[in-house]
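A.B. asks: Mind having a look at this structure? Questions to follow.
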Amino acid sequence: MVTRSLRTTARRALVLAAAGAMAVTGVVALSGTANAATTLGASAAERGGRYFGAAVAANHLGEARYFQTWTTEFNGATPENEMKWQTIEPSRNQFNFAPANQIVTQARSRGMKVRGHTLVWHSQLAGWVSSLDATNLRSAMNNHINRVMGQWRGQIHSWDVVNEAFEENGSRRQSVFQQRLGNGYIEEAFRAARTADPNAKLCYNDYNTDGINAKSNAVFALVQDFRNRGVPIDCVGFQSHFNGASPVPGNYQQNLQRFANLGVDVQITELDIEGSGTAQANNYRNVVNACLAVSRCTGITVWGIPDHYSWRPNGTPLLFDSNYNKKAAYTAVLNALNTGQSDPPPNDPPPNDPPPNDPPPTTGACAATVSTNQWTGGFVGSVRVTAGSAQVNAWTVTVTLPSGATLTSGWNADRSGNTGTVQFTNVGFNGSIAPGQSVDFGYQGTGTGTGVTPTCAAS
Ligand code: G2I
């Protein structure tokens, strides 16, 4: 279609000339007047600041071609397994951040956007979690969210807070979270997540929700309900694992758009499409064009880099072959990013509710601030304890709860009671705070927990 491609080129030239010079790596001069990006990340960045990321495995980072392909082609990363519960909290309250940190550090030093994957998921869960009763599970879930998000607070673009909570027929998956905590666990997780990192976008992520069907309808109803009631949620992740039995649905774009219309971003989070040659390339092109056509589709992540490291290598579902050669699918994606119709996304909107105030300057031995997330009938308080100019070895924070408030759980501190004036003292691992540094603990309760002013005493 010569006419269309000439028109497209002319339109691009006009748009880019109007936008002025672009300081993006991987961009070369085209036709003397405009620039065409030569890498997936740079090209996506030109489409309204979108990202094009890849799932990255820490154990491959030492392989030169792997590392080079990732850092040259992509401007986003999702740790493929390193942030999963089994790996990151293998024993209760024992955290193993190092493997994920390798990826986050490399990604951030290159200005990439990092997706956190994933906080609350039935799979790759540590064994100890399944044996907890409801009270302990609630406390462990809150602690997990708080500690893992807190580790990279302010550094993660989007978090998959809850992953794969629905069955194909739209019913709730009978995970340990669902069975012990009931339907409210998703809301509790999102509220805890907002408190733990107010700057991260909070996503619900699932598979087989890519078209309009019973499962995506159930997710849609959940998101609609959260938006109506002010429960924090910023984005929905569509995993988009496709093959012959599960092809790219005809209503893919329509489905993305209906979620976007609820006021959340949509992201393609784990894209891979089995096949080869032109057929695979066409499917990839359709997915990219669908994202570009939805202004709130802010990024695409492919689930791996070369085919042989895919979770399903026999399906050769990725953009690079096992020798790191670019496949036809790669070219289709790059061309779609460079020439496809694009509706630019709005500039990163702020999350739904305001971040807590920064801690006040510390003049005494320690200071404490609380950020409270209140909903009808309950609350989560997240407390930050900050050392003054001297080392703190142990601390006690006193909080006087409003009448009617009753604490039901807490994490990272021992507490003296559940109502009225409650004293929280450090546990073994967080008593020692270096000058100017902070530690966090939290509590959850019923009733109203707002309007409290914590005080801190240190030794
Ligand atoms: O299953 C595909 C994806 C579906 N959505 C959620 C994603 O988190 C999930 O990713 C895959 C990883 O790509 C695999 O790499 O999740 C699998 C586990 O459910 C991952 O597989 C695991 C193997 O089961 C383990 O035996 C292995 O030790 O990968 C581990 C690390 O290589």
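Numbering starts fresh at 1 for the residues of each chain in the structure tokens, the chains themselves are lettered A, B, ... in the order given, and ligands are numbered from 1 as they appear.
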For ligand 1, return the neighbouring residues as a PyMOL selection string (distance at most 9 Å; only C-alpha atoms and all ligand atoms).
C.D. replies: chain A and resi 55+57+59+80-82+84+117-118+121+123-124+163-164+205-207+239+241+269-270+303-304+309-312
A.B. asks: With distances taken over only C-alpha atoms, which residue among A:Val427, A:Cys235, A:Ala434, A:Ala293 lies nearest Cys366 in chain A?
C.D. replies: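 Of all the options, A:Ala434 lies closest to Cys366 in chain A.
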A.B. asks: Just list as number ranges by chain whatever in range 44-279 of chain A DSSP marks as helix (DSSP H, G or I).
C.D. replies: A: 44-46, 58-60, 64-73, 85-88, 98-109, 127-131, 134-151, 176-181, 185-196, 214-229, 252-260, 277-279
A.B. asks: List the spatial neighbours of Asn418 in chain A as a PyMOL selection string - criterion: any atom at most 8 Å away, only C-alpha atoms, same-chain residues fewer than 5 positions off excluded.
C.D. replies: chain A and resi 406-408
A.B. asks: Quick one: everything within 8 Å of Arg92 in chain A, counting only C-alpha atoms, minus sequence neighbours fewer than 3 positions away in the same chain. Send it as a short mmCIF file (atom, residue, chain, number, x, y, z; two decimals) with all heavy atoms, in the first residue's frame.
C.D. replies:
```
data_model
loop_
_atom_site.label_atom_id
_atom_site.label_comp_id
_atom_site.auth_asym_id
_atom_site.auth_seq_id
_atom_site.Cartn_x
_atom_site.Cartn_y
_atom_site.Cartn_z
N GLU A 89 10.87 -14.00 50.25
CA GLU A 89 10.63 -14.21 51.70
C GLU A 89 10.47 -15.71 51.95
O GLU A 89 9.40 -16.19 52.31
CB GLU A 89 9.38 -13.43 52.19
CG GLU A 89 9.31 -13.35 53.71
CD GLU A 89 8.03 -12.69 54.24
OE1 GLU A 89 7.17 -12.29 53.44
OE2 GLU A 89 7.90 -12.60 55.47
N TRP A 128 5.68 -21.88 54.00
CA TRP A 128 5.21 -21.53 55.35
C TRP A 128 3.92 -20.71 55.32
O TRP A 128 3.16 -20.73 56.29
CB TRP A 128 6.30 -20.75 56.11
CG TRP A 128 6.75 -19.46 55.48
CD1 TRP A 128 7.76 -19.29 54.58
CD2 TRP A 128 6.19 -18.15 55.70
NE1 TRP A 128 7.87 -17.97 54.23
CE2 TRP A 128 6.91 -17.25 54.90
CE3 TRP A 128 5.15 -17.67 56.49
CZ2 TRP A 128 6.63 -15.89 54.86
CZ3 TRP A 128 4.86 -16.31 56.46
CH2 TRP A 128 5.59 -15.43 55.65
N ALA A 140 1.02 -11.51 57.84
CA ALA A 140 2.14 -11.85 56.96
C ALA A 140 2.00 -11.17 55.59
O ALA A 140 2.98 -10.72 55.00
CB ALA A 140 2.22 -13.36 56.78
#
```
A.B. asks: Quick check, in Å to one decimal: how far apart do CA of Val236 in chain A and CA of Gly299 in chain A lie?
C.D. replies: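 CA of Val236 in chain A sits 11.4 Å away from CA of Gly299 in chain A.
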A.B. asks: Where does DSSP see strand (DSSP E) in range 143-356 of chain A, if you list the residues as a PDB file with all heavy atoms, in the first residue's frame?
C.D. replies:
```pdb
ATOM      1  N   SER A 158       5.601   0.263  38.391  1.00  0.00           N
ATOM      2  CA  SER A 158       4.300  -0.379  38.614  1.00  0.00           C
ATOM      3  C   SER A 158       4.512  -1.693  39.352  1.00  0.00           C
ATOM      4  O   SER A 158       5.483  -2.406  39.077  1.00  0.00           O
ATOM      5  CB  SER A 158       3.629  -0.727  37.281  1.00  0.00           C
ATOM      6  OG  SER A 158       3.448   0.412  36.492  1.00  0.00           O
ATOM      7  N   TRP A 159       3.611  -1.999  40.224  1.00  0.00           N
ATOM      8  CA  TRP A 159       3.654  -3.270  40.963  1.00  0.00           C
ATOM      9  C   TRP A 159       2.447  -4.121  40.597  1.00  0.00           C
ATOM     10  O   TRP A 159       1.317  -3.627  40.616  1.00  0.00           O
ATOM     11  CB  TRP A 159       3.598  -3.016  42.474  1.00  0.00           C
ATOM     12  CG  TRP A 159       4.937  -2.963  43.145  1.00  0.00           C
ATOM     13  CD1 TRP A 159       5.574  -1.852  43.630  1.00  0.00           C
ATOM     14  CD2 TRP A 159       5.798  -4.084  43.428  1.00  0.00           C
ATOM     15  NE1 TRP A 159       6.783  -2.215  44.181  1.00  0.00           N
ATOM     16  CE2 TRP A 159       6.944  -3.572  44.083  1.00  0.00           C
ATOM     17  CE3 TRP A 159       5.713  -5.468  43.200  1.00  0.00           C
ATOM     18  CZ2 TRP A 159       7.989  -4.396  44.503  1.00  0.00           C
ATOM     19  CZ3 TRP A 159       6.762  -6.281  43.610  1.00  0.00           C
ATOM     20  CH2 TRP A 159       7.880  -5.739  44.261  1.00  0.00           C
ATOM     21  N   ASP A 160       2.669  -5.396  40.326  1.00  0.00           N
ATOM     22  CA  ASP A 160       1.565  -6.356  40.248  1.00  0.00           C
ATOM     23  C   ASP A 160       1.229  -6.725  41.687  1.00  0.00           C
ATOM     24  O   ASP A 160       1.861  -7.611  42.276  1.00  0.00           O
ATOM     25  CB  ASP A 160       1.975  -7.603  39.454  1.00  0.00           C
ATOM     26  CG  ASP A 160       2.172  -7.290  37.984  1.00  0.00           C
ATOM     27  OD1 ASP A 160       1.529  -6.352  37.483  1.00  0.00           O
ATOM     28  OD2 ASP A 160       2.977  -7.984  37.330  1.00  0.00           O
ATOM     29  N   VAL A 161       0.265  -6.025  42.255  1.00  0.00           N
ATOM     30  CA  VAL A 161      -0.044  -6.212  43.681  1.00  0.00           C
ATOM     31  C   VAL A 161      -0.702  -7.577  43.882  1.00  0.00           C
ATOM     32  O   VAL A 161      -0.324  -8.338  44.759  1.00  0.00           O
ATOM     33  CB  VAL A 161      -0.962  -5.079  44.189  1.00  0.00           C
ATOM     34  CG1 VAL A 161      -1.343  -5.311  45.649  1.00  0.00           C
ATOM     35  CG2 VAL A 161      -0.272  -3.733  44.022  1.00  0.00           C
ATOM     36  N   VAL A 162      -1.688  -7.873  43.058  1.00  0.00           N
ATOM     37  CA  VAL A 162      -2.359  -9.179  43.117  1.00  0.00           C
ATOM     38  C   VAL A 162      -2.325  -9.776  41.717  1.00  0.00           C
ATOM     39  O   VAL A 162      -2.587  -9.094  40.726  1.00  0.00           O
ATOM     40  CB  VAL A 162      -3.810  -9.045  43.627  1.00  0.00           C
ATOM     41  CG1 VAL A 162      -4.530 -10.390  43.578  1.00  0.00           C
ATOM     42  CG2 VAL A 162      -3.828  -8.488  45.061  1.00  0.00           C
ATOM     43  N   ASN A 163      -1.983 -11.053  41.657  1.00  0.00           N
ATOM     44  CA  ASN A 163      -1.799 -11.745  40.377  1.00  0.00           C
ATOM     45  C   ASN A 163      -2.726 -12.954  40.301  1.00  0.00           C
ATOM     46  O   ASN A 163      -2.789 -13.740  41.255  1.00  0.00           O
ATOM     47  CB  ASN A 163      -0.326 -12.218  40.296  1.00  0.00           C
ATOM     48  CG  ASN A 163       0.112 -12.586  38.903  1.00  0.00           C
ATOM     49  OD1 ASN A 163      -0.248 -11.922  37.938  1.00  0.00           O
ATOM     50  ND2 ASN A 163       0.902 -13.642  38.790  1.00  0.00           N
ATOM     51  N   LYS A 201       2.649   2.726  40.740  1.00  0.00           N
ATOM     52  CA  LYS A 201       1.326   2.412  40.198  1.00  0.00           C
ATOM     53  C   LYS A 201       0.970   0.998  40.621  1.00  0.00           C
ATOM     54  O   LYS A 201       1.798   0.084  40.536  1.00  0.00           O
ATOM     55  CB  LYS A 201       1.339   2.524  38.678  1.00  0.00           C
ATOM     56  CG  LYS A 201       1.385   3.961  38.204  1.00  0.00           C
ATOM     57  CD  LYS A 201       1.390   4.024  36.698  1.00  0.00           C
ATOM     58  CE  LYS A 201       1.484   5.460  36.220  1.00  0.00           C
ATOM     59  NZ  LYS A 201       0.242   6.207  36.470  1.00  0.00           N
ATOM     60  N   LEU A 202      -0.251   0.829  41.062  1.00  0.00           N
ATOM     61  CA  LEU A 202      -0.691  -0.454  41.618  1.00  0.00           C
ATOM     62  C   LEU A 202      -1.572  -1.172  40.607  1.00  0.00           C
ATOM     63  O   LEU A 202      -2.629  -0.668  40.226  1.00  0.00           O
ATOM     64  CB  LEU A 202      -1.464  -0.218  42.920  1.00  0.00           C
ATOM     65  CG  LEU A 202      -0.751   0.658  43.965  1.00  0.00           C
ATOM     66  CD1 LEU A 202      -1.609   0.791  45.215  1.00  0.00           C
ATOM     67  CD2 LEU A 202       0.632   0.108  44.310  1.00  0.00           C
ATOM     68  N   CYS A 203      -1.121  -2.355  40.168  1.00  0.00           N
ATOM     69  CA  CYS A 203      -1.824  -3.083  39.100  1.00  0.00           C
ATOM     70  C   CYS A 203      -2.427  -4.388  39.598  1.00  0.00           C
ATOM     71  O   CYS A 203      -1.846  -5.071  40.443  1.00  0.00           O
ATOM     72  CB  CYS A 203      -0.868  -3.467  37.975  1.00  0.00           C
ATOM     73  SG  CYS A 203       0.017  -2.129  37.182  1.00  0.00           S
ATOM     74  N   TYR A 204      -3.547  -4.766  39.007  1.00  0.00           N
ATOM     75  CA  TYR A 204      -4.049  -6.137  39.060  1.00  0.00           C
ATOM     76  C   TYR A 204      -3.613  -6.798  37.750  1.00  0.00           C
ATOM     77  O   TYR A 204      -3.778  -6.217  36.673  1.00  0.00           O
ATOM     78  CB  TYR A 204      -5.584  -6.172  39.195  1.00  0.00           C
ATOM     79  CG  TYR A 204      -6.051  -7.608  39.133  1.00  0.00           C
ATOM     80  CD1 TYR A 204      -5.992  -8.414  40.257  1.00  0.00           C
ATOM     81  CD2 TYR A 204      -6.442  -8.187  37.919  1.00  0.00           C
ATOM     82  CE1 TYR A 204      -6.320  -9.754  40.188  1.00  0.00           C
ATOM     83  CE2 TYR A 204      -6.767  -9.527  37.839  1.00  0.00           C
ATOM     84  CZ  TYR A 204      -6.708 -10.305  38.976  1.00  0.00           C
ATOM     85  OH  TYR A 204      -7.012 -11.641  38.902  1.00  0.00           O
ATOM     86  N   ASN A 205      -3.063  -8.017  37.811  1.00  0.00           N
ATOM     87  CA  ASN A 205      -2.475  -8.664  36.628  1.00  0.00           C
ATOM     88  C   ASN A 205      -3.062 -10.064  36.453  1.00  0.00           C
ATOM     89  O   ASN A 205      -3.217 -10.798  37.428  1.00  0.00           O
ATOM     90  CB  ASN A 205      -0.955  -8.765  36.867  1.00  0.00           C
ATOM     91  CG  ASN A 205      -0.171  -9.178  35.642  1.00  0.00           C
ATOM     92  OD1 ASN A 205      -0.334  -8.585  34.573  1.00  0.00           O
ATOM     93  ND2 ASN A 205       0.676 -10.190  35.779  1.00  0.00           N
ATOM     94  N   ASP A 206      -3.379 -10.447  35.202  1.00  0.00           N
ATOM     95  CA  ASP A 206      -3.937 -11.792  34.989  1.00  0.00           C
ATOM     96  C   ASP A 206      -3.734 -12.227  33.540  1.00  0.00           C
ATOM     97  O   ASP A 206      -3.353 -11.423  32.676  1.00  0.00           O
ATOM     98  CB  ASP A 206      -5.429 -11.811  35.343  1.00  0.00           C
ATOM     99  CG  ASP A 206      -5.858 -13.142  35.982  1.00  0.00           C
ATOM    100  OD1 ASP A 206      -5.289 -14.191  35.611  1.00  0.00           O
ATOM    101  OD2 ASP A 206      -6.763 -13.120  36.839  1.00  0.00           O
ATOM    102  N   CYS A 235      -3.765   0.511  37.590  1.00  0.00           N
ATOM    103  CA  CYS A 235      -3.509  -0.132  36.304  1.00  0.00           C
ATOM    104  C   CYS A 235      -3.947  -1.592  36.327  1.00  0.00           C
ATOM    105  O   CYS A 235      -4.048  -2.207  37.386  1.00  0.00           O
ATOM    106  CB  CYS A 235      -2.018  -0.068  35.951  1.00  0.00           C
ATOM    107  SG  CYS A 235      -0.888  -0.274  37.347  1.00  0.00           S
ATOM    108  N   VAL A 236      -4.192  -2.091  35.110  1.00  0.00           N
ATOM    109  CA  VAL A 236      -4.513  -3.504  34.927  1.00  0.00           C
ATOM    110  C   VAL A 236      -3.494  -4.073  33.949  1.00  0.00           C
ATOM    111  O   VAL A 236      -3.222  -3.476  32.899  1.00  0.00           O
ATOM    112  CB  VAL A 236      -5.951  -3.690  34.410  1.00  0.00           C
ATOM    113  CG1 VAL A 236      -6.241  -5.166  34.144  1.00  0.00           C
ATOM    114  CG2 VAL A 236      -6.956  -3.138  35.422  1.00  0.00           C
ATOM    115  N   GLY A 237      -2.901  -5.204  34.330  1.00  0.00           N
ATOM    116  CA  GLY A 237      -1.929  -5.876  33.472  1.00  0.00           C
ATOM    117  C   GLY A 237      -2.597  -7.013  32.717  1.00  0.00           C
ATOM    118  O   GLY A 237      -3.309  -7.828  33.317  1.00  0.00           O
ATOM    119  N   PHE A 238      -2.364  -7.051  31.422  1.00  0.00           N
ATOM    120  CA  PHE A 238      -2.865  -8.124  30.563  1.00  0.00           C
ATOM    121  C   PHE A 238      -1.648  -8.945  30.158  1.00  0.00           C
ATOM    122  O   PHE A 238      -0.790  -8.455  29.409  1.00  0.00           O
ATOM    123  CB  PHE A 238      -3.598  -7.535  29.347  1.00  0.00           C
ATOM    124  CG  PHE A 238      -4.792  -6.719  29.759  1.00  0.00           C
ATOM    125  CD1 PHE A 238      -4.656  -5.378  30.122  1.00  0.00           C
ATOM    126  CD2 PHE A 238      -6.046  -7.302  29.851  1.00  0.00           C
ATOM    127  CE1 PHE A 238      -5.744  -4.634  30.550  1.00  0.00           C
ATOM    128  CE2 PHE A 238      -7.140  -6.570  30.283  1.00  0.00           C
ATOM    129  CZ  PHE A 238      -7.001  -5.233  30.627  1.00  0.00           C
ATOM    130  N   HIS A 241      -0.261 -14.068  26.945  1.00  0.00           N
ATOM    131  CA  HIS A 241       0.455 -15.266  26.490  1.00  0.00           C
ATOM    132  C   HIS A 241      -0.408 -15.917  25.408  1.00  0.00           C
ATOM    133  O   HIS A 241      -1.479 -16.437  25.712  1.00  0.00           O
ATOM    134  CB  HIS A 241       0.644 -16.259  27.652  1.00  0.00           C
ATOM    135  CG  HIS A 241       1.539 -15.753  28.731  1.00  0.00           C
ATOM    136  ND1 HIS A 241       2.888 -15.543  28.533  1.00  0.00           N
ATOM    137  CD2 HIS A 241       1.300 -15.422  30.028  1.00  0.00           C
ATOM    138  CE1 HIS A 241       3.432 -15.112  29.664  1.00  0.00           C
ATOM    139  NE2 HIS A 241       2.492 -15.019  30.579  1.00  0.00           N
ATOM    140  N   PHE A 242       0.064 -15.895  24.161  1.00  0.00           N
ATOM    141  CA  PHE A 242      -0.777 -16.386  23.064  1.00  0.00           C
ATOM    142  C   PHE A 242      -0.152 -17.591  22.363  1.00  0.00           C
ATOM    143  O   PHE A 242       1.074 -17.711  22.268  1.00  0.00           O
ATOM    144  CB  PHE A 242      -1.012 -15.269  22.041  1.00  0.00           C
ATOM    145  CG  PHE A 242      -1.761 -14.081  22.610  1.00  0.00           C
ATOM    146  CD1 PHE A 242      -1.182 -12.813  22.604  1.00  0.00           C
ATOM    147  CD2 PHE A 242      -3.027 -14.236  23.148  1.00  0.00           C
ATOM    148  CE1 PHE A 242      -1.868 -11.722  23.137  1.00  0.00           C
ATOM    149  CE2 PHE A 242      -3.722 -13.146  23.677  1.00  0.00           C
ATOM    150  CZ  PHE A 242      -3.136 -11.888  23.666  1.00  0.00           C
ATOM    151  N   ASP A 265      -4.672   2.900  33.951  1.00  0.00           N
ATOM    152  CA  ASP A 265      -3.782   2.578  32.841  1.00  0.00           C
ATOM    153  C   ASP A 265      -3.915   1.096  32.528  1.00  0.00           C
ATOM    154  O   ASP A 265      -4.278   0.290  33.397  1.00  0.00           O
ATOM    155  CB  ASP A 265      -2.322   2.880  33.207  1.00  0.00           C
ATOM    156  CG  ASP A 265      -2.042   4.365  33.271  1.00  0.00           C
ATOM    157  OD1 ASP A 265      -2.875   5.157  32.778  1.00  0.00           O
ATOM    158  OD2 ASP A 265      -0.978   4.733  33.805  1.00  0.00           O
ATOM    159  N   VAL A 266      -3.600   0.738  31.300  1.00  0.00           N
ATOM    160  CA  VAL A 266      -3.516  -0.676  30.949  1.00  0.00           C
ATOM    161  C   VAL A 266      -2.094  -0.933  30.455  1.00  0.00           C
ATOM    162  O   VAL A 266      -1.449  -0.066  29.866  1.00  0.00           O
ATOM    163  CB  VAL A 266      -4.577  -1.080  29.894  1.00  0.00           C
ATOM    164  CG1 VAL A 266      -5.972  -0.983  30.497  1.00  0.00           C
ATOM    165  CG2 VAL A 266      -4.495  -0.231  28.625  1.00  0.00           C
ATOM    166  N   GLN A 267      -1.588  -2.115  30.764  1.00  0.00           N
ATOM    167  CA  GLN A 267      -0.225  -2.477  30.383  1.00  0.00           C
ATOM    168  C   GLN A 267      -0.249  -3.905  29.864  1.00  0.00           C
ATOM    169  O   GLN A 267      -0.972  -4.751  30.414  1.00  0.00           O
ATOM    170  CB  GLN A 267       0.716  -2.397  31.592  1.00  0.00           C
ATOM    171  CG  GLN A 267       0.750  -1.027  32.262  1.00  0.00           C
ATOM    172  CD  GLN A 267       1.644  -1.014  33.502  1.00  0.00           C
ATOM    173  OE1 GLN A 267       2.273  -2.005  33.843  1.00  0.00           O
ATOM    174  NE2 GLN A 267       1.693   0.126  34.165  1.00  0.00           N
ATOM    175  N   ILE A 268       0.535  -4.160  28.844  1.00  0.00           N
ATOM    176  CA  ILE A 268       0.694  -5.534  28.351  1.00  0.00           C
ATOM    177  C   ILE A 268       1.935  -6.056  29.062  1.00  0.00           C
ATOM    178  O   ILE A 268       3.036  -5.544  28.854  1.00  0.00           O
ATOM    179  CB  ILE A 268       0.812  -5.539  26.823  1.00  0.00           C
ATOM    180  CG1 ILE A 268      -0.503  -4.991  26.244  1.00  0.00           C
ATOM    181  CG2 ILE A 268       1.104  -6.945  26.310  1.00  0.00           C
ATOM    182  CD1 ILE A 268      -0.473  -4.657  24.786  1.00  0.00           C
ATOM    183  N   THR A 269       1.752  -7.036  29.940  1.00  0.00           N
ATOM    184  CA  THR A 269       2.779  -7.288  30.949  1.00  0.00           C
ATOM    185  C   THR A 269       3.665  -8.505  30.707  1.00  0.00           C
ATOM    186  O   THR A 269       4.762  -8.582  31.259  1.00  0.00           O
ATOM    187  CB  THR A 269       2.121  -7.449  32.333  1.00  0.00           C
ATOM    188  OG1 THR A 269       1.070  -8.416  32.215  1.00  0.00           O
ATOM    189  CG2 THR A 269       1.569  -6.130  32.832  1.00  0.00           C
ATOM    190  N   GLU A 270       3.201  -9.490  29.920  1.00  0.00           N
ATOM    191  CA  GLU A 270       4.003 -10.724  29.778  1.00  0.00           C
ATOM    192  C   GLU A 270       3.883 -11.259  28.356  1.00  0.00           C
ATOM    193  O   GLU A 270       3.764 -12.471  28.133  1.00  0.00           O
ATOM    194  CB  GLU A 270       3.524 -11.786  30.791  1.00  0.00           C
ATOM    195  CG  GLU A 270       3.577 -11.318  32.225  1.00  0.00           C
ATOM    196  CD  GLU A 270       3.145 -12.384  33.234  1.00  0.00           C
ATOM    197  OE1 GLU A 270       3.075 -13.573  32.869  1.00  0.00           O
ATOM    198  OE2 GLU A 270       2.874 -12.016  34.388  1.00  0.00           O
ATOM    199  N   LEU A 271       3.939 -10.379  27.388  1.00  0.00           N
ATOM    200  CA  LEU A 271       3.630 -10.763  26.008  1.00  0.00           C
ATOM    201  C   LEU A 271       4.583 -11.824  25.466  1.00  0.00           C
ATOM    202  O   LEU A 271       5.809 -11.682  25.537  1.00  0.00           O
ATOM    203  CB  LEU A 271       3.690  -9.507  25.131  1.00  0.00           C
ATOM    204  CG  LEU A 271       3.434  -9.702  23.631  1.00  0.00           C
ATOM    205  CD1 LEU A 271       2.028 -10.239  23.372  1.00  0.00           C
ATOM    206  CD2 LEU A 271       3.644  -8.374  22.888  1.00  0.00           C
ATOM    207  N   ASP A 272       4.020 -12.896  24.960  1.00  0.00           N
ATOM    208  CA  ASP A 272       4.748 -13.833  24.108  1.00  0.00           C
ATOM    209  C   ASP A 272       3.729 -14.545  23.228  1.00  0.00           C
ATOM    210  O   ASP A 272       2.589 -14.736  23.631  1.00  0.00           O
ATOM    211  CB  ASP A 272       5.660 -14.794  24.885  1.00  0.00           C
ATOM    212  CG  ASP A 272       4.945 -15.681  25.890  1.00  0.00           C
ATOM    213  OD1 ASP A 272       3.711 -15.624  25.983  1.00  0.00           O
ATOM    214  OD2 ASP A 272       5.638 -16.451  26.589  1.00  0.00           O
ATOM    215  N   ILE A 273       4.137 -14.846  22.010  1.00  0.00           N
ATOM    216  CA  ILE A 273       3.202 -15.410  21.031  1.00  0.00           C
ATOM    217  C   ILE A 273       3.913 -16.568  20.336  1.00  0.00           C
ATOM    218  O   ILE A 273       4.905 -16.361  19.620  1.00  0.00           O
ATOM    219  CB  ILE A 273       2.775 -14.358  19.978  1.00  0.00           C
ATOM    220  CG1 ILE A 273       2.273 -13.065  20.660  1.00  0.00           C
ATOM    221  CG2 ILE A 273       1.718 -14.945  19.053  1.00  0.00           C
ATOM    222  CD1 ILE A 273       1.905 -11.935  19.695  1.00  0.00           C
ATOM    223  N   CYS A 297      -2.745   2.892  27.283  1.00  0.00           N
ATOM    224  CA  CYS A 297      -1.874   1.710  27.232  1.00  0.00           C
ATOM    225  C   CYS A 297      -0.441   2.224  27.276  1.00  0.00           C
ATOM    226  O   CYS A 297       0.106   2.700  26.279  1.00  0.00           O
ATOM    227  CB  CYS A 297      -2.118   0.878  25.975  1.00  0.00           C
ATOM    228  SG  CYS A 297      -1.067  -0.593  25.928  1.00  0.00           S
ATOM    229  N   THR A 298       0.173   2.172  28.450  1.00  0.00           N
ATOM    230  CA  THR A 298       1.412   2.926  28.668  1.00  0.00           C
ATOM    231  C   THR A 298       2.689   2.119  28.436  1.00  0.00           C
ATOM    232  O   THR A 298       3.775   2.688  28.460  1.00  0.00           O
ATOM    233  CB  THR A 298       1.444   3.499  30.102  1.00  0.00           C
ATOM    234  OG1 THR A 298       1.269   2.413  31.023  1.00  0.00           O
ATOM    235  CG2 THR A 298       0.338   4.515  30.307  1.00  0.00           C
ATOM    236  N   GLY A 299       2.565   0.805  28.250  1.00  0.00           N
ATOM    237  CA  GLY A 299       3.788   0.050  28.003  1.00  0.00           C
ATOM    238  C   GLY A 299       3.526  -1.405  27.695  1.00  0.00           C
ATOM    239  O   GLY A 299       2.456  -1.950  27.986  1.00  0.00           O
ATOM    240  N   ILE A 300       4.546  -2.005  27.080  1.00  0.00           N
ATOM    241  CA  ILE A 300       4.487  -3.416  26.694  1.00  0.00           C
ATOM    242  C   ILE A 300       5.737  -4.085  27.256  1.00  0.00           C
ATOM    243  O   ILE A 300       6.843  -3.553  27.143  1.00  0.00           O
ATOM    244  CB  ILE A 300       4.476  -3.559  25.156  1.00  0.00           C
ATOM    245  CG1 ILE A 300       3.237  -2.874  24.565  1.00  0.00           C
ATOM    246  CG2 ILE A 300       4.548  -5.037  24.735  1.00  0.00           C
ATOM    247  CD1 ILE A 300       3.208  -2.829  23.034  1.00  0.00           C
ATOM    248  N   THR A 301       5.555  -5.269  27.840  1.00  0.00           N
ATOM    249  CA  THR A 301       6.693  -6.066  28.305  1.00  0.00           C
ATOM    250  C   THR A 301       6.601  -7.437  27.650  1.00  0.00           C
ATOM    251  O   THR A 301       5.540  -8.076  27.693  1.00  0.00           O
ATOM    252  CB  THR A 301       6.653  -6.238  29.837  1.00  0.00           C
ATOM    253  OG1 THR A 301       6.635  -4.948  30.447  1.00  0.00           O
ATOM    254  CG2 THR A 301       7.875  -7.021  30.334  1.00  0.00           C
ATOM    255  N   VAL A 302       7.694  -7.884  27.016  1.00  0.00           N
ATOM    256  CA  VAL A 302       7.727  -9.250  26.480  1.00  0.00           C
ATOM    257  C   VAL A 302       8.315 -10.169  27.550  1.00  0.00           C
ATOM    258  O   VAL A 302       9.207  -9.763  28.313  1.00  0.00           O
ATOM    259  CB  VAL A 302       8.516  -9.357  25.155  1.00  0.00           C
ATOM    260  CG1 VAL A 302       7.690  -8.799  24.002  1.00  0.00           C
ATOM    261  CG2 VAL A 302       9.859  -8.671  25.237  1.00  0.00           C
TER     262      VAL A 302
END
```
A.B. asks: In Å to one decimal, how far is CA of Arg47 in chain A from CA of Gln257 in chain A?
C.D. replies: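 Going from CA of Gln257 in chain A over to CA of Arg47 in chain A covers 17.3 Å.
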A.B. asks: Which residues are close to Asn142 in chain A, i.e. within 12 Å by only C-alpha atoms, leaving aside same-chain residues fewer than 6 positions away? Reply as a PyMOL selection string.
C.D. replies: chain A and resi 93+119-120+135-136+148-150+161+177+185-196+380-382+409-412+441-444
A.B. asks: Excluding same-chain residues fewer than 6 positions from range 392-397 of chain A, what lies within 6 Å of it counting only C-alpha atoms, as a list in words?
C.D. replies: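 That gives Gln423, Phe424, Thr425, Asn426, Gly431, Ser432, Ile433, Thr455, Cys456, Ala457, Ala458 and Ser459 of chain A.
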A.B. asks: Closest to Ala200 in chain A among A:Gln155, A:Ser175, A:Thr398, A:Gln224, using only C-alpha atoms?
C.D. replies: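 Result for the nearest residue to Ala200 in chain A: A:Gln155.
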A.B. asks: So which residues touch range 65-74 of chain A within 12 Å, counting only C-alpha atoms, skipping near sequence neighbours fewer than 6 positions away, as a ChimeraX atom specification?
C.D. replies: /A:25-27,37-45,50-59,103,106-114,299-302,304-309,319-326,330,333-334
